[in-house]
Amino acid sequence: MTQYTEYMQTEKKATLILDDGSVFQGISFGYEKPVAGEVVFNTAMTGYPESLTDPSYAGQLMVLTYPLVGNYGVPNRSYREDGIATFMESEKIHAEAIIISDYSHDHSHWNAINSLGEWLKNEQIPGIYGVDTRAITKILREKGSMKGKIVLNDPDEIEFCDPNAINQVARVSCKEVTTYGAGEGKKHVVLVDCGVKHNIIRCLLDRGVTVTRVPWDYDFNHLEYDGLFISNGPGDPDTCDAAVQNIRKALVGDKPICGICMGNQLLAKAGGASIFKLKYGHRSHNQPVRMVGTNRCFITSQNHGYAVDNDTLSADWEPLFINMNDGTNEGIRHKTKPFFSAQFHPEASSGPTDTEFIFDLFIEKL
C-alpha cells in the first residue's frame, strides 16, 4: 500500500460548492468544519504562509493554481522584540480556507516546524486538496469571483455568504494605537491599519522612521506626524467611509501621504474618485505594471478585488501606474502635492521585491 493510499483512507472527504452549482469533491487536510465565503484564485507558485496570514484574504476561500503545495512546510510563528511577526504577515491566518490540487504530506525546509495541514488544524482553518484548481479558476475567470462553501457531510450544513457585504477592514484592523521605534526614528509616520501586512511595518522601520499604527477609523489628524501611510486591507472600500473622511482632512495639508492596495482605493475615494469591483481580481506574484509617462515596467505582487476608476479622478489627480494585462489603475498621484499610492504590494512578502523603492520615495518626501 502506498503512503498516498494510506492518507486517502485516513483523511475525510470534503466538498467545495460554488453558487453557480459547480461541485468539486476532495479531501480535507486542515481543520474539519464547514466554511463559506468568496472564492478567489491566486496564481503564485510560493508564499502560502504569507498569503494565508495576509489580512486582505479575510472572508475568502483561497484557491491556489500552482499544483503542488505544502512541500516546504510552515515556519515558526515567532516575533521580533517590537511585536512584529518574523516570518508571517500577521498574528493569525485570515483566509477562511485554502483549496489546492496536490498536497505534499512530507515537507522539508530549514525553517519549517509544522506541515501546512498541522498549521491549519492548529488555527482551525479548513483545507481541501485533490480538486482540479485550474478548472475552478477557469470558472472564476469566466463568471467572476463567486460565493462558495466547503462542506463535510450535508451540502446544506452552512449557507453561502457574501463577505463584501460587511466591513472586513473593521474585523482585521488593530483595536488600539501602537508605536514602533519610539524615539529612534528622525521622522514620524502614522500608519492607518486597514489590515496591514507586517512587512509594510518592517519596511518603514528599516528606513529609520518611528511608526504609530492606528485603527482604520481613528482620526489621526490631531497627532503630530511627518507623513501618513495607508495600508492594505480586505473587502469593499465603500464600507470604510470613516477612514475616507479622515484622509480627506489630511489632503487639505501638505504632509506626504502614501497608500498601498486598499490604501490606494481609500486615497482615491478621499480625492473624489470612484471604485469598482473587478471581475475576478488580481492575486499573484506576476502582475506587470507600467509607470505612467515612462517605459518602466515592473513585476508586482498583488491581492485585491477592487480597482480605482481612472475616469473619475479629479483634475488634481492622475494615474501613476497601469496594469499591463487589463489596463486598470495600479496607483495614483497628486499633481502638486506629495500624495501617491500603489495598488500592488511593494513590500511583497512573498516576492517579488522589484517595487520596494516605493518606500524610499515616500521617505524622501518626509
# chains A, B, ... in the order shown; residues from 1 in each chain; ligands from 1

$ closest_atom_pairs --of "region 109-187 of chain A" --to "region 258-282 of chain A" --cutoff "7 Å" --atoms "only C-alpha atoms" --output "CSV"
residue,atom,partner,partner_atom,distance
A:Leu140,CA,A:Tyr280,CA,6.5
A:Arg141,CA,A:Tyr280,CA,6.2
A:Gly144,CA,A:Lys279,CA,4.7
A:Ser145,CA,A:Tyr280,CA,4.8

$ write_last_selection --atoms "N, CA, C and O atoms" --output "mmCIF file, in the first residue's frame"
data_model
loop_
_atom_site.group_PDB
_atom_site.id
_atom_site.type_symbol
_atom_site.label_atom_id
_atom_site.label_comp_id
_atom_site.auth_asym_id
_atom_site.auth_seq_id
_atom_site.Cartn_x
_atom_site.Cartn_y
_atom_site.Cartn_z
ATOM 1 N N LEU A 140 -13.995 30.777 -12.452
ATOM 2 C CA LEU A 140 -13.933 32.111 -11.847
ATOM 3 C C LEU A 140 -13.530 33.166 -12.873
ATOM 4 O O LEU A 140 -14.027 34.295 -12.837
ATOM 5 N N ARG A 141 -12.650 32.808 -13.799
ATOM 6 C CA ARG A 141 -12.249 33.761 -14.837
ATOM 7 C C ARG A 141 -13.401 34.058 -15.800
ATOM 8 O O ARG A 141 -13.548 35.180 -16.284
ATOM 9 N N GLY A 144 -16.458 35.225 -12.974
ATOM 10 C CA GLY A 144 -16.101 36.165 -11.918
ATOM 11 C C GLY A 144 -16.032 35.490 -10.575
ATOM 12 O O GLY A 144 -16.543 34.377 -10.380
ATOM 13 N N SER A 145 -15.374 36.160 -9.614
ATOM 14 C CA SER A 145 -15.314 35.635 -8.248
ATOM 15 C C SER A 145 -16.733 35.401 -7.746
ATOM 16 O O SER A 145 -17.635 36.199 -8.012
#

$ residues_around --residues "region 325-340 of chain A" --least-positions-apart "4" --cutoff "8 Å" --atoms "only C-alpha atoms" --output "list in words"
Asp254, Lys255, Pro256, Ile257, Cys258, Gly259, Asn264, Ala268, Gln287, Pro288, Val289, Ala307, Val308, Asp309, Asn310, Asp316, Trp317, Glu318, Pro319, Leu320, Phe321, Phe344 and Lys365 of chain A

$ closest_residue --among "A:Ala242, A:Ala44, A:Ala170, A:Cys161" --to "Arg283 (chain A)" --atoms "only C-alpha atoms"
A:Ala44

$ select_by_dssp --residues "region 146-355 of chain A" --states "helix (DSSP H, G or I)" --output "ChimeraX atom specification"
/A:163-165,168-172,198-205,220-222,237-239,241-250,262-270,310-312

$ write_last_selection --atoms "N, CA and C atoms" --output "compact mmCIF listing (two decimals), in the first residue's frame"
# COMPACT_ATOMS: atom_id res chain seq x y z
N PRO A 163 -18.88 38.01 1.88
CA PRO A 163 -18.05 38.73 2.87
C PRO A 163 -17.92 40.21 2.56
N ASN A 164 -18.16 40.61 1.30
CA ASN A 164 -18.03 42.03 0.94
C ASN A 164 -19.22 42.86 1.40
N ALA A 165 -20.24 42.19 1.93
CA ALA A 165 -21.42 42.91 2.40
C ALA A 165 -21.20 43.53 3.78
N GLN A 168 -15.08 44.31 6.34
CA GLN A 168 -14.00 43.39 6.69
C GLN A 168 -12.81 44.12 7.31
N VAL A 169 -12.60 45.37 6.92
CA VAL A 169 -11.50 46.14 7.48
C VAL A 169 -11.65 46.28 8.99
N ALA A 170 -12.87 46.53 9.46
CA ALA A 170 -13.10 46.67 10.90
C ALA A 170 -12.79 45.37 11.64
N ARG A 171 -12.95 44.23 10.96
CA ARG A 171 -12.66 42.94 11.57
C ARG A 171 -11.17 42.75 11.82
N VAL A 172 -10.33 43.22 10.90
CA VAL A 172 -8.91 42.87 10.95
C VAL A 172 -8.01 44.00 11.44
N HIS A 198 2.57 42.81 7.96
CA HIS A 198 3.66 43.20 8.84
C HIS A 198 4.91 43.64 8.08
N ASN A 199 5.08 43.19 6.84
CA ASN A 199 6.27 43.62 6.12
C ASN A 199 6.20 45.09 5.72
N ILE A 200 5.02 45.67 5.68
CA ILE A 200 4.91 47.12 5.47
C ILE A 200 5.54 47.83 6.67
N ILE A 201 5.22 47.36 7.86
CA ILE A 201 5.81 47.96 9.07
C ILE A 201 7.31 47.73 9.08
N ARG A 202 7.75 46.52 8.72
CA ARG A 202 9.18 46.23 8.69
C ARG A 202 9.89 47.17 7.72
N CYS A 203 9.32 47.35 6.53
CA CYS A 203 9.95 48.20 5.51
C CYS A 203 10.06 49.65 5.98
N LEU A 204 9.08 50.14 6.70
CA LEU A 204 9.15 51.50 7.22
C LEU A 204 10.19 51.61 8.33
N LEU A 205 10.17 50.66 9.27
CA LEU A 205 11.13 50.70 10.37
C LEU A 205 12.56 50.54 9.88
N PHE A 220 -6.58 60.53 13.06
CA PHE A 220 -5.16 60.79 13.33
C PHE A 220 -4.78 62.25 13.14
N ASN A 221 -5.71 63.07 12.69
CA ASN A 221 -5.35 64.43 12.29
C ASN A 221 -4.92 65.31 13.46
N HIS A 222 -5.23 64.88 14.69
CA HIS A 222 -4.80 65.67 15.85
C HIS A 222 -3.38 65.30 16.28
N PRO A 237 -13.94 48.77 -0.29
CA PRO A 237 -13.56 50.07 0.27
C PRO A 237 -14.74 51.00 0.54
N ASP A 238 -15.87 50.75 -0.09
CA ASP A 238 -17.03 51.59 0.15
C ASP A 238 -17.61 51.41 1.56
N THR A 239 -17.15 50.40 2.30
CA THR A 239 -17.60 50.22 3.68
C THR A 239 -16.74 51.00 4.67
N ASP A 241 -16.05 54.43 5.08
CA ASP A 241 -16.23 55.88 4.94
C ASP A 241 -15.53 56.67 6.04
N ALA A 242 -15.46 56.13 7.25
CA ALA A 242 -14.80 56.85 8.34
C ALA A 242 -13.34 57.11 8.01
N ALA A 243 -12.67 56.13 7.44
CA ALA A 243 -11.28 56.31 7.04
C ALA A 243 -11.16 57.34 5.92
N VAL A 244 -12.07 57.29 4.97
CA VAL A 244 -12.06 58.24 3.86
C VAL A 244 -12.19 59.67 4.37
N GLN A 245 -13.09 59.88 5.33
CA GLN A 245 -13.30 61.22 5.86
C GLN A 245 -12.05 61.75 6.56
N ASN A 246 -11.37 60.86 7.30
CA ASN A 246 -10.14 61.28 7.99
C ASN A 246 -9.03 61.59 7.00
N ILE A 247 -8.91 60.77 5.95
CA ILE A 247 -7.89 61.02 4.92
C ILE A 247 -8.19 62.32 4.19
N ARG A 248 -9.45 62.59 3.95
CA ARG A 248 -9.84 63.82 3.25
C ARG A 248 -9.40 65.06 4.02
N LYS A 249 -9.47 64.99 5.35
CA LYS A 249 -8.97 66.11 6.17
C LYS A 249 -7.48 66.30 5.95
N ALA A 250 -6.74 65.18 5.86
CA ALA A 250 -5.29 65.26 5.69
C ALA A 250 -4.91 65.84 4.34
N MET A 262 -5.58 48.64 -0.56
CA MET A 262 -6.75 49.33 -0.04
C MET A 262 -6.44 50.80 0.19
N GLY A 263 -5.20 51.09 0.58
CA GLY A 263 -4.78 52.47 0.79
C GLY A 263 -4.86 53.30 -0.48
N ASN A 264 -4.58 52.68 -1.63
CA ASN A 264 -4.73 53.37 -2.92
C ASN A 264 -6.19 53.72 -3.17
N GLN A 265 -7.08 52.78 -2.87
CA GLN A 265 -8.50 53.00 -3.11
C GLN A 265 -9.09 54.04 -2.16
N LEU A 266 -8.69 54.00 -0.90
CA LEU A 266 -9.21 54.96 0.07
C LEU A 266 -8.68 56.37 -0.21
N LEU A 267 -7.42 56.47 -0.63
CA LEU A 267 -6.87 57.77 -1.00
C LEU A 267 -7.62 58.32 -2.22
N ALA A 268 -7.90 57.45 -3.19
CA ALA A 268 -8.63 57.88 -4.38
C ALA A 268 -10.04 58.34 -4.01
N LYS A 269 -10.71 57.59 -3.14
CA LYS A 269 -12.05 57.99 -2.71
C LYS A 269 -12.02 59.33 -1.97
N ALA A 270 -11.00 59.53 -1.14
CA ALA A 270 -10.87 60.80 -0.43
C ALA A 270 -10.67 61.95 -1.41
N ASN A 310 -10.19 55.15 -13.24
CA ASN A 310 -9.35 56.27 -13.70
C ASN A 310 -10.17 57.43 -14.24
N ASP A 311 -11.31 57.13 -14.83
CA ASP A 311 -12.13 58.17 -15.45
C ASP A 311 -12.78 59.10 -14.43
N THR A 312 -12.77 58.70 -13.16
CA THR A 312 -13.40 59.52 -12.12
C THR A 312 -12.40 60.35 -11.32

$ closest_residue --among "A:Arg80, A:His188, A:Lys149, A:His285" --to "Met62 (chain A)" --atoms "only C-alpha atoms"
A:Lys149

$ residues_around --residues "Trp216 (chain A)" --least-positions-apart "6" --cutoff "6 Å" --atoms "only C-alpha atoms" --output "ChimeraX atom specification"
/A:192-194,243

$ atom_distance --atom1 "CA of Phe362 (chain A)" --atom2 "CA of Asp82 (chain A)"
22.4 Å

$ atom_distance --atom1 "CA of Phe357 (chain A)" --atom2 "CA of Gly253 (chain A)"
24.5 Å

$ closest_residue --among "A:Thr210, A:Gln25, A:Gln302, A:Asn71" --to "Thr43 (chain A)" --atoms "only C-alpha atoms"
A:Gln302

$ residues_around --residues "Val69 (chain A)" --least-positions-apart "6" --cutoff "7 Å" --atoms "only C-alpha atoms" --output "list in words"
Ile100, Asp102, Tyr103 and Ser104 of chain A

$ write_last_selection --atoms "C-alpha atoms" --output "PDB file, in the first residue's frame"
ATOM      1  CA  ILE A 100      -5.306  23.103  -3.557  1.00  0.00           C
ATOM      2  CA  ASP A 102      -1.989  18.168  -4.689  1.00  0.00           C
ATOM      3  CA  TYR A 103      -0.944  18.362  -1.038  1.00  0.00           C
ATOM      4  CA  SER A 104       2.605  17.393  -0.097  1.00  0.00           C
TER       5      SER A 104
END

$ closest_residue --among "A:Ile139, A:Ala112, A:Ile84, A:Ile99" --to "Lys197 (chain A)" --atoms "only C-alpha atoms"
A:Ile84

$ select_by_dssp --residues "region 223-325 of chain A" --states "strand (DSSP E or B)" --output "PyMOL selection string"
chain A and resi 227-230+257-260+275-291+297-308+317-319+321-323

$ write_last_selection --atoms "N, CA and C atoms" --output "CSV table (one decimal), in the first residue's frame"
chain,number,residue,atom,x,y,z
A,227,GLY,N,4.5,62.1,8.1
A,227,GLY,CA,3.9,61.5,6.9
A,227,GLY,C,2.8,60.5,7.3
A,228,LEU,N,1.9,60.3,6.3
A,228,LEU,CA,0.8,59.4,6.5
A,228,LEU,C,0.9,58.2,5.6
A,229,PHE,N,0.7,57.0,6.1
A,229,PHE,CA,0.8,55.8,5.3
A,229,PHE,C,-0.5,55.0,5.5
A,230,ILE,N,-1.2,54.6,4.4
A,230,ILE,CA,-2.5,53.9,4.5
A,230,ILE,C,-2.3,52.5,4.0
A,257,ILE,N,1.7,61.6,1.8
A,257,ILE,CA,0.8,60.5,2.0
A,257,ILE,C,1.1,59.4,1.0
A,258,CYS,N,1.1,58.2,1.5
A,258,CYS,CA,1.3,57.1,0.6
A,258,CYS,C,0.3,56.0,1.0
A,259,GLY,N,-0.2,55.3,0.0
A,259,GLY,CA,-1.2,54.2,0.2
A,259,GLY,C,-0.8,53.0,-0.5
A,260,ILE,N,-1.1,51.8,0.0
A,260,ILE,CA,-0.9,50.6,-0.7
A,260,ILE,C,-2.2,49.8,-0.7
A,275,ILE,N,-14.7,53.7,-7.0
A,275,ILE,CA,-14.1,52.4,-7.0
A,275,ILE,C,-15.1,51.4,-7.7
A,276,PHE,N,-14.6,50.4,-8.4
A,276,PHE,CA,-15.5,49.3,-8.9
A,276,PHE,C,-14.9,48.0,-8.6
A,277,LYS,N,-15.7,47.0,-8.6
A,277,LYS,CA,-15.3,45.6,-8.4
A,277,LYS,C,-14.8,45.0,-9.6
A,278,LEU,N,-13.6,44.4,-9.5
A,278,LEU,CA,-13.0,43.6,-10.7
A,278,LEU,C,-13.7,42.3,-10.8
A,279,LYS,N,-13.7,41.8,-12.1
A,279,LYS,CA,-14.4,40.5,-12.3
A,279,LYS,C,-13.9,39.4,-11.4
A,280,TYR,N,-12.6,39.2,-11.4
A,280,TYR,CA,-12.0,38.2,-10.5
A,280,TYR,C,-10.7,38.6,-9.8
A,281,GLY,N,-10.4,39.9,-9.8
A,281,GLY,CA,-9.3,40.4,-9.0
A,281,GLY,C,-8.0,40.1,-9.6
A,282,HIS,N,-7.0,40.6,-8.9
A,282,HIS,CA,-5.6,40.4,-9.1
A,282,HIS,C,-4.9,39.8,-7.9
A,283,ARG,N,-4.6,38.5,-8.0
A,283,ARG,CA,-3.9,37.8,-6.8
A,283,ARG,C,-2.8,36.9,-7.4
A,284,SER,N,-1.6,37.4,-7.3
A,284,SER,CA,-0.5,36.7,-7.9
A,284,SER,C,0.8,37.4,-7.5
A,285,HIS,N,1.9,36.8,-8.0
A,285,HIS,CA,3.3,37.4,-7.9
A,285,HIS,C,3.8,37.9,-9.3
A,286,ASN,N,3.0,37.9,-10.3
A,286,ASN,CA,3.5,38.2,-11.6
A,286,ASN,C,2.7,39.2,-12.4
A,287,GLN,N,2.1,40.2,-11.7
A,287,GLN,CA,1.3,41.2,-12.4
A,287,GLN,C,2.2,42.3,-13.0
A,288,PRO,N,2.2,42.5,-14.3
A,288,PRO,CA,3.0,43.6,-14.8
A,288,PRO,C,2.3,44.9,-14.8
A,289,VAL,N,3.1,45.9,-14.3
A,289,VAL,CA,2.5,47.3,-14.3
A,289,VAL,C,3.5,48.2,-14.9
A,290,ARG,N,3.0,49.3,-15.5
A,290,ARG,CA,3.9,50.3,-16.1
A,290,ARG,C,3.7,51.7,-15.4
A,291,MET,N,4.8,52.4,-15.2
A,291,MET,CA,4.7,53.7,-14.6
A,291,MET,C,4.3,54.6,-15.7
A,297,CYS,N,8.6,49.3,-16.6
A,297,CYS,CA,7.7,48.2,-16.2
A,297,CYS,C,8.2,47.4,-15.0
A,298,PHE,N,7.3,46.9,-14.2
A,298,PHE,CA,7.7,46.2,-13.0
A,298,PHE,C,6.8,44.9,-12.9
A,299,ILE,N,7.4,43.9,-12.3
A,299,ILE,CA,6.6,42.7,-12.0
A,299,ILE,C,6.2,42.8,-10.5
A,300,THR,N,4.9,42.7,-10.2
A,300,THR,CA,4.5,43.0,-8.9
A,300,THR,C,3.6,41.9,-8.2
A,301,SER,N,3.6,41.9,-6.9
A,301,SER,CA,2.8,41.1,-6.1
A,301,SER,C,1.5,41.8,-5.8
A,302,GLN,N,0.3,41.1,-6.0
A,302,GLN,CA,-0.9,41.8,-5.8
A,302,GLN,C,-2.0,40.9,-5.1
A,303,ASN,N,-2.9,41.6,-4.5
A,303,ASN,CA,-4.0,40.9,-3.8
A,303,ASN,C,-5.1,41.9,-3.6
A,304,HIS,N,-6.0,42.0,-4.6
A,304,HIS,CA,-7.1,42.9,-4.4
A,304,HIS,C,-8.3,42.5,-5.4
A,305,GLY,N,-9.5,42.9,-5.0
A,305,GLY,CA,-10.6,42.6,-5.8
A,305,GLY,C,-11.4,43.8,-6.3
A,306,TYR,N,-10.9,45.0,-6.0
A,306,TYR,CA,-11.5,46.3,-6.4
A,306,TYR,C,-10.4,47.1,-7.1
A,307,ALA,N,-10.8,48.1,-7.8
A,307,ALA,CA,-9.9,49.0,-8.5
A,307,ALA,C,-10.5,50.4,-8.6
A,308,VAL,N,-9.6,51.4,-8.7
A,308,VAL,CA,-9.9,52.8,-8.9
A,308,VAL,C,-10.4,53.0,-10.3
A,317,TRP,N,-5.6,65.0,-9.8
A,317,TRP,CA,-5.0,63.7,-9.6
A,317,TRP,C,-4.8,63.0,-11.0
A,318,GLU,N,-3.8,62.1,-11.0
A,318,GLU,CA,-3.6,61.3,-12.3
A,318,GLU,C,-3.1,59.9,-11.9
A,319,PRO,N,-3.3,59.0,-12.9
A,319,PRO,CA,-2.8,57.6,-12.6
A,319,PRO,C,-1.3,57.6,-12.5
A,321,PHE,N,0.5,54.3,-12.0
A,321,PHE,CA,0.8,53.0,-12.6
A,321,PHE,C,-0.5,52.4,-13.3
A,322,ILE,N,-0.2,51.7,-14.3
A,322,ILE,CA,-1.3,51.0,-15.0
A,322,ILE,C,-1.0,49.5,-15.2
A,323,ASN,N,-2.0,48.6,-15.0
A,323,ASN,CA,-1.8,47.2,-15.1
A,323,ASN,C,-1.7,46.9,-16.6
